[in-house]
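A.B. asks: So that you have it, the file is target_36.pdb, and it contains PDB, C-alpha atoms, pLDDT in the B column:
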ATOM      1  CA  MET A   1       0.000   0.000   0.000  1.00 54.00           C
ATOM      2  CA  GLN A   2       1.363   3.383  -1.033  1.00 59.00           C
ATOM      3  CA  TYR A   3       0.820   6.479   1.097  1.00 52.00           C
ATOM      4  CA  PRO A   4       0.953   9.941  -0.387  1.00 56.00           C
ATOM      5  CA  ALA A   5       4.256  11.754   0.245  1.00 54.00           C
ATOM      6  CA  THR A   6       2.620  14.326   2.520  1.00 58.00           C
ATOM      7  CA  ARG A   7       1.152  11.632   4.779  1.00 53.00           C
ATOM      8  CA  THR A   8       4.541   9.843   5.026  1.00 52.00           C
ATOM      9  CA  ALA A   9       6.240  13.134   5.870  1.00 50.00           C
ATOM     10  CA  ALA A  10       3.596  13.841   8.523  1.00 51.00           C
ATOM     11  CA  ILE A  11       4.105  10.416  10.138  1.00 51.00           C
ATOM     12  CA  SER A  12       7.902  10.834  10.101  1.00 53.00           C
ATOM     13  CA  THR A  13       7.640  14.320  11.623  1.00 53.00           C
ATOM     14  CA  THR A  14       5.308  13.046  14.357  1.00 51.00           C
ATOM     15  CA  ALA A  15       7.658  10.135  15.165  1.00 48.00           C
ATOM     16  CA  LEU A  16      10.659  12.466  15.362  1.00 45.00           C
ATOM     17  CA  THR A  17       8.767  14.900  17.582  1.00 50.00           C
ATOM     18  CA  LEU A  18       7.753  12.116  19.972  1.00 44.00           C
ATOM     19  CA  ALA A  19      11.309  10.719  20.092  1.00 45.00           C
ATOM     20  CA  SER A  20      12.709  14.188  20.805  1.00 49.00           C
ATOM     21  CA  ALA A  21      10.178  14.801  23.556  1.00 45.00           C
ATOM     22  CA  LEU A  22      11.025  11.477  25.215  1.00 43.00           C
ATOM     23  CA  THR A  23      14.762  12.225  25.015  1.00 46.00           C
ATOM     24  CA  VAL A  24      14.338  15.698  26.529  1.00 43.00           C
ATOM     25  CA  THR A  25      12.067  14.346  29.279  1.00 47.00           C
ATOM     26  CA  ALA A  26      14.533  11.554  30.180  1.00 46.00           C
ATOM     27  CA  ALA A  27      17.506  13.941  30.193  1.00 46.00           C
ATOM     28  CA  SER A  28      15.581  16.439  32.307  1.00 51.00           C
ATOM     29  CA  ALA A  29      14.664  13.733  34.825  1.00 49.00           C
ATOM     30  CA  LEU A  30      18.302  12.619  35.158  1.00 48.00           C
ATOM     31  CA  ASP A  31      19.501  16.212  35.522  1.00 51.00           C
ATOM     32  CA  HIS A  32      16.832  16.887  38.154  1.00 51.00           C
ATOM     33  CA  GLN A  33      17.823  13.749  40.085  1.00 51.00           C
ATOM     34  CA  GLU A  34      21.554  14.695  40.098  1.00 53.00           C
ATOM     35  CA  ARG A  35      20.857  18.288  41.169  1.00 59.00           C
ATOM     36  CA  HIS A  36      18.718  17.284  44.108  1.00 66.00           C
ATOM     37  CA  ALA A  37      20.768  14.381  45.438  1.00 81.00           C
ATOM     38  CA  ALA A  38      21.644  14.990  49.077  1.00 86.00           C
ATOM     39  CA  PRO A  39      25.321  15.745  49.719  1.00 89.00           C
ATOM     40  CA  LYS A  40      27.281  12.863  51.214  1.00 88.00           C
ATOM     41  CA  ARG A  41      28.744  12.993  54.703  1.00 90.00           C
ATOM     42  CA  LEU A  42      32.488  12.612  54.953  1.00 95.00           C
ATOM     43  CA  HIS A  43      34.701  11.015  57.548  1.00 95.00           C
ATOM     44  CA  ALA A  44      37.590  13.168  58.708  1.00 96.00           C
ATOM     45  CA  ALA A  45      40.574  12.572  60.956  1.00 95.00           C
ATOM     46  CA  ALA A  46      43.269  15.069  61.904  1.00 95.00           C
ATOM     47  CA  HIS A  47      46.768  14.170  63.062  1.00 93.00           C
ATOM     48  CA  SER A  48      48.449  15.684  66.093  1.00 91.00           C
ATOM     49  CA  GLY A  49      50.728  18.564  65.192  1.00 91.00           C
ATOM     50  CA  SER A  50      53.493  20.348  67.086  1.00 92.00           C
ATOM     51  CA  PHE A  51      54.132  23.928  68.197  1.00 89.00           C
ATOM     52  CA  ASP A  52      57.518  25.597  68.720  1.00 89.00           C
ATOM     53  CA  VAL A  53      57.151  28.274  71.404  1.00 83.00           C
ATOM     54  CA  LEU A  54      60.324  30.153  70.420  1.00 85.00           C
ATOM     55  CA  THR A  55      59.414  30.582  66.756  1.00 85.00           C
ATOM     56  CA  ARG A  56      55.605  30.558  67.322  1.00 83.00           C
ATOM     57  CA  GLN A  57      55.246  28.081  64.461  1.00 87.00           C
ATOM     58  CA  ALA A  58      52.835  25.169  64.206  1.00 89.00           C
ATOM     59  CA  ASP A  59      54.004  22.198  62.161  1.00 91.00           C
ATOM     60  CA  GLY A  60      52.674  18.771  61.148  1.00 92.00           C
ATOM     61  CA  LEU A  61      49.081  19.910  60.595  1.00 95.00           C
ATOM     62  CA  LYS A  62      47.456  17.161  58.541  1.00 96.00           C
ATOM     63  CA  ALA A  63      43.963  15.737  58.028  1.00 97.00           C
ATOM     64  CA  ARG A  64      42.380  13.029  55.887  1.00 97.00           C
ATOM     65  CA  PHE A  65      38.914  13.156  54.332  1.00 97.00           C
ATOM     66  CA  THR A  66      37.179  10.007  53.057  1.00 97.00           C
ATOM     67  CA  GLU A  67      33.740   8.860  52.034  1.00 95.00           C
ATOM     68  CA  PRO A  68      31.971   6.563  54.536  1.00 93.00           C
ATOM     69  CA  ASP A  69      33.252   3.478  52.677  1.00 94.00           C
ATOM     70  CA  GLY A  70      36.868   4.671  53.072  1.00 95.00           C
ATOM     71  CA  THR A  71      37.317   6.031  49.548  1.00 96.00           C
ATOM     72  CA  PRO A  72      39.665   9.053  49.723  1.00 97.00           C
ATOM     73  CA  VAL A  73      38.307  12.374  48.465  1.00 96.00           C
ATOM     74  CA  ALA A  74      40.735  14.395  46.336  1.00 96.00           C
ATOM     75  CA  GLY A  75      40.632  18.109  45.561  1.00 95.00           C
ATOM     76  CA  LEU A  76      38.738  19.364  48.625  1.00 95.00           C
ATOM     77  CA  PRO A  77      39.890  22.763  49.892  1.00 96.00           C
ATOM     78  CA  VAL A  78      40.713  22.549  53.612  1.00 97.00           C
ATOM     79  CA  MET A  79      41.268  25.375  56.088  1.00 96.00           C
ATOM     80  CA  PHE A  80      43.360  24.739  59.204  1.00 95.00           C
ATOM     81  CA  THR A  81      42.363  27.060  62.053  1.00 93.00           C
ATOM     82  CA  VAL A  82      42.915  27.441  65.796  1.00 92.00           C
ATOM     83  CA  SER A  83      40.005  25.748  67.620  1.00 93.00           C
ATOM     84  CA  GLY A  84      37.772  28.173  69.465  1.00 87.00           C
ATOM     85  CA  GLU A  85      38.700  31.027  67.147  1.00 86.00           C
ATOM     86  CA  LYS A  86      39.077  31.308  63.441  1.00 81.00           C
ATOM     87  CA  THR A  87      42.758  32.282  63.232  1.00 87.00           C
ATOM     88  CA  LEU A  88      43.877  30.785  59.928  1.00 90.00           C
ATOM     89  CA  LEU A  89      46.954  28.580  60.179  1.00 91.00           C
ATOM     90  CA  CYS A  90      47.074  27.498  56.525  1.00 92.00           C
ATOM     91  CA  GLU A  91      45.031  26.249  53.594  1.00 95.00           C
ATOM     92  CA  ALA A  92      45.584  23.100  51.551  1.00 96.00           C
ATOM     93  CA  ALA A  93      43.715  20.782  49.185  1.00 96.00           C
ATOM     94  CA  THR A  94      43.305  17.054  49.653  1.00 97.00           C
ATOM     95  CA  ASN A  95      45.522  14.869  47.486  1.00 97.00           C
ATOM     96  CA  ALA A  96      44.630  11.593  45.752  1.00 97.00           C
ATOM     97  CA  ASP A  97      44.874   9.776  49.103  1.00 98.00           C
ATOM     98  CA  GLY A  98      42.478  12.241  50.785  1.00 97.00           C
ATOM     99  CA  TYR A  99      45.182  14.035  52.831  1.00 97.00           C
ATOM    100  CA  ALA A 100      45.480  17.792  53.225  1.00 97.00           C
ATOM    101  CA  GLU A 101      48.646  19.055  54.885  1.00 96.00           C
ATOM    102  CA  CYS A 102      50.241  22.394  55.704  1.00 92.00           C
ATOM    103  CA  LYS A 103      53.453  22.321  53.660  1.00 87.00           C
ATOM    104  CA  THR A 104      55.155  25.145  55.564  1.00 84.00           C
ATOM    105  CA  PRO A 105      55.022  25.817  59.304  1.00 82.00           C
ATOM    106  CA  ALA A 106      52.197  28.184  60.252  1.00 82.00           C
ATOM    107  CA  LEU A 107      53.240  31.354  62.073  1.00 80.00           C
ATOM    108  CA  LEU A 108      50.754  32.505  64.699  1.00 80.00           C
ATOM    109  CA  PRO A 109      50.336  36.297  64.742  1.00 73.00           C
ATOM    110  CA  LEU A 110      49.276  36.734  68.379  1.00 77.00           C
ATOM    111  CA  PRO A 111      50.429  35.141  71.640  1.00 79.00           C
ATOM    112  CA  ALA A 112      46.755  34.678  72.601  1.00 80.00           C
ATOM    113  CA  SER A 113      46.273  32.495  69.505  1.00 85.00           C
ATOM    114  CA  ALA A 114      49.285  30.412  70.553  1.00 86.00           C
ATOM    115  CA  VAL A 115      47.775  29.816  73.985  1.00 87.00           C
ATOM    116  CA  LYS A 116      44.438  28.787  72.438  1.00 90.00           C
ATOM    117  CA  LEU A 117      46.215  26.522  69.978  1.00 90.00           C
ATOM    118  CA  LEU A 118      48.053  24.768  72.810  1.00 90.00           C
ATOM    119  CA  THR A 119      44.959  24.416  74.984  1.00 91.00           C
ATOM    120  CA  ASN A 120      42.269  23.788  72.344  1.00 92.00           C
ATOM    121  CA  GLY A 121      44.161  22.305  69.380  1.00 93.00           C
ATOM    122  CA  TYR A 122      43.281  22.937  65.751  1.00 94.00           C
ATOM    123  CA  ASP A 123      40.467  22.225  63.299  1.00 96.00           C
ATOM    124  CA  ALA A 124      40.725  21.096  59.684  1.00 96.00           C
ATOM    125  CA  THR A 125      37.538  22.168  57.908  1.00 96.00           C
ATOM    126  CA  THR A 126      36.130  21.729  54.444  1.00 96.00           C
ATOM    127  CA  HIS A 127      33.118  23.951  53.810  1.00 92.00           C
ATOM    128  CA  GLY A 128      31.351  21.425  51.672  1.00 82.00           C
ATOM    129  CA  THR A 129      30.416  21.181  48.027  1.00 86.00           C
ATOM    130  CA  LEU A 130      27.340  20.191  46.065  1.00 88.00           C
ATOM    131  CA  ARG A 131      28.492  16.593  46.545  1.00 91.00           C
ATOM    132  CA  TYR A 132      29.768  16.665  50.170  1.00 93.00           C
ATOM    133  CA  THR A 133      28.547  18.187  53.427  1.00 93.00           C
ATOM    134  CA  PRO A 134      30.759  20.566  55.442  1.00 95.00           C
ATOM    135  CA  THR A 135      33.100  18.531  57.642  1.00 96.00           C
ATOM    136  CA  THR A 136      35.546  19.336  60.445  1.00 96.00           C
ATOM    137  CA  ALA A 137      38.250  17.211  62.040  1.00 96.00           C
ATOM    138  CA  HIS A 138      39.865  18.244  65.334  1.00 96.00           C
ATOM    139  CA  SER A 139      43.251  17.420  66.792  1.00 95.00           C
ATOM    140  CA  THR A 140      45.682  18.482  69.482  1.00 93.00           C
ATOM    141  CA  ILE A 141      49.047  20.195  69.350  1.00 92.00           C
ATOM    142  CA  GLY A 142      52.129  19.034  71.177  1.00 90.00           C
ATOM    143  CA  LEU A 143      54.809  21.373  72.455  1.00 87.00           C
ATOM    144  CA  THR A 144      58.219  21.235  70.802  1.00 81.00           C
ATOM    145  CA  ALA A 145      61.073  21.692  73.260  1.00 69.00           C
ATOM    146  CA  PRO A 146      63.790  24.189  72.282  1.00 64.00           C
TER     147      PRO A 146
END
Represent the structure from my file as structure tokens, please.
C.D. replies:
Amino acid sequence: MQYPATRTAAISTTALTLASALTVTAASALDHQERHAAPKRLHAAAHSGSFDVLTRQADGLKARFTEPDGTPVAGLPVMFTVSGEKTLLCEAATNADGYAECKTPALLPLPASAVKLLTNGYDATTHGTLRYTPTTAHSTIGLTAP
């Protein structure tokens, strides 16, 4: 059976329109699902650092961020601060193994910050992303003898 050319063109156009609509709807649903997925919680652990009273420098500040299953998270920006105040000690990004570390000793500007660092320790904080919730790890500081 032969259909007129205009009827064939109309059927083809309708089929293409339906296929396009289904593709757009499916892509929109996937995009919507990814955008509204809840951020994952991270596990974080900070390592004990040291503080030299004479030079007022903190050293050995290091923290590791992983997903709950232990998978390391790379590329997270991490701020190291004095606990109980927000004096910035340094900033670093997590490496492929999930570790962020201050590469140079952090110089504390005020003696009061040094006292708080020795008594309260430090925090390693990532402020979160679309994929991960904000997370903080806390650790202590040991005193380095001159």
A.B. asks: If you apply the PyMOL selection byres ((chain A and resi 137) around 9) to this file, what residues do you get, as JSON, numbers by chain?
C.D. replies: {"A": [43, 44, 45, 46, 63, 64, 65, 122, 123, 124, 125, 135, 136, 138, 139]}
A.B. asks: For the PyMOL selection byres ((chain A and resi 141) around 7), applied here, can you spell out every residue it catches as a ChimeraX atom specification?
C.D. replies: /A:48-51,117-118,121,139-140,142-143
A.B. asks: In Å, rounded to a single decimal, give me how far CA of Glu67 (chain A) is from CA of Ala92 (chain A).
C.D. replies: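 Computed distance, CA of Ala92 (chain A) to CA of Glu67 (chain A), equals 18.5 Å.
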A.B. asks: Skipping near chain neighbours, those fewer than 3 positions away, what residues fall within 12 Å of Asp69 (chain A) using all atoms listed in the file, listed as a PyMOL selection string?
C.D. replies: chain A and resi 40-43+65-66+72-73
A.B. asks: Which of these, A:Thr55, A:Thr133, A:Thr119, A:Asn95, has the shortest distance to Leu107 (chain A) once you count all atoms listed in the file?
C.D. replies: A:Thr55
A.B. asks: As AutoDock Vina command-line options, what would the box around region 96-114 of chain A look like: edges along x, y and z, 5 Å added on every side, centre and edge lengths in Å to one decimal?
C.D. replies:
--center_x 48.8 --center_y 23.3 --center_z 59.2 --size_x 22.7 --size_y 37.0 --size_z 36.8
A.B. asks: Hey, what's within 10 Å of Thr129 (chain A) if we count all atoms listed in the file and toss same-chain stuff fewer than 3 positions away? As a list in words, please?
C.D. replies: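 Near Thr129 (chain A), the qualifying residues are Pro39, Lys40, Leu76, Pro77, Thr126, Tyr132, Thr133 and Pro134 of chain A.
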A.B. asks: Keeping only C-alpha atoms, write the selected residues to a file as an mmCIF file, in the frame of the given file.
C.D. replies:
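As written to disk, out-v8.cif reads:
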data_model
loop_
_atom_site.group_PDB
_atom_site.id
_atom_site.type_symbol
_atom_site.label_atom_id
_atom_site.label_comp_id
_atom_site.auth_asym_id
_atom_site.auth_seq_id
_atom_site.Cartn_x
_atom_site.Cartn_y
_atom_site.Cartn_z
ATOM 1 C CA PRO A 39 25.321 15.745 49.719
ATOM 2 C CA LYS A 40 27.281 12.863 51.214
ATOM 3 C CA LEU A 76 38.738 19.364 48.625
ATOM 4 C CA PRO A 77 39.890 22.763 49.892
ATOM 5 C CA THR A 126 36.130 21.729 54.444
ATOM 6 C CA TYR A 132 29.768 16.665 50.170
ATOM 7 C CA THR A 133 28.547 18.187 53.427
ATOM 8 C CA PRO A 134 30.759 20.566 55.442
#
A.B. asks: For Ala112 (chain A), which of A:Thr81, A:Thr87, A:Thr71, A:Gln57 is the closest residue, counting all atoms listed in the file?
C.D. replies: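 When distances to Ala112 (chain A) are compared using all atoms listed in the file, the smallest one comes from A:Thr87.
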A.B. asks: With only C-alpha atoms as the basis for distance, which of A:Pro68, A:Ala74, A:Lys86, A:Cys102 is at the shortest distance from His47 (chain A)?
C.D. replies: A:Cys102
A.B. asks: What is the CA of Asp52 (chain A)-CA of Ser113 (chain A) distance in Å, reported with one decimal?
C.D. replies: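 Atom-to-atom, CA of Asp52 (chain A) and CA of Ser113 (chain A) are spaced 13.2 Å apart.
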A.B. asks: Counting all atoms listed in the file, which of A:Met79, A:Val115, A:Val53, A:Leu110 gets nearest to Gly128 (chain A)?
C.D. replies: A:Met79
A.B. asks: What separation in Å, quoted to one decimal, exists between CA of His127 (chain A) and CA of Gly84 (chain A)?
C.D. replies: 16.9 Å
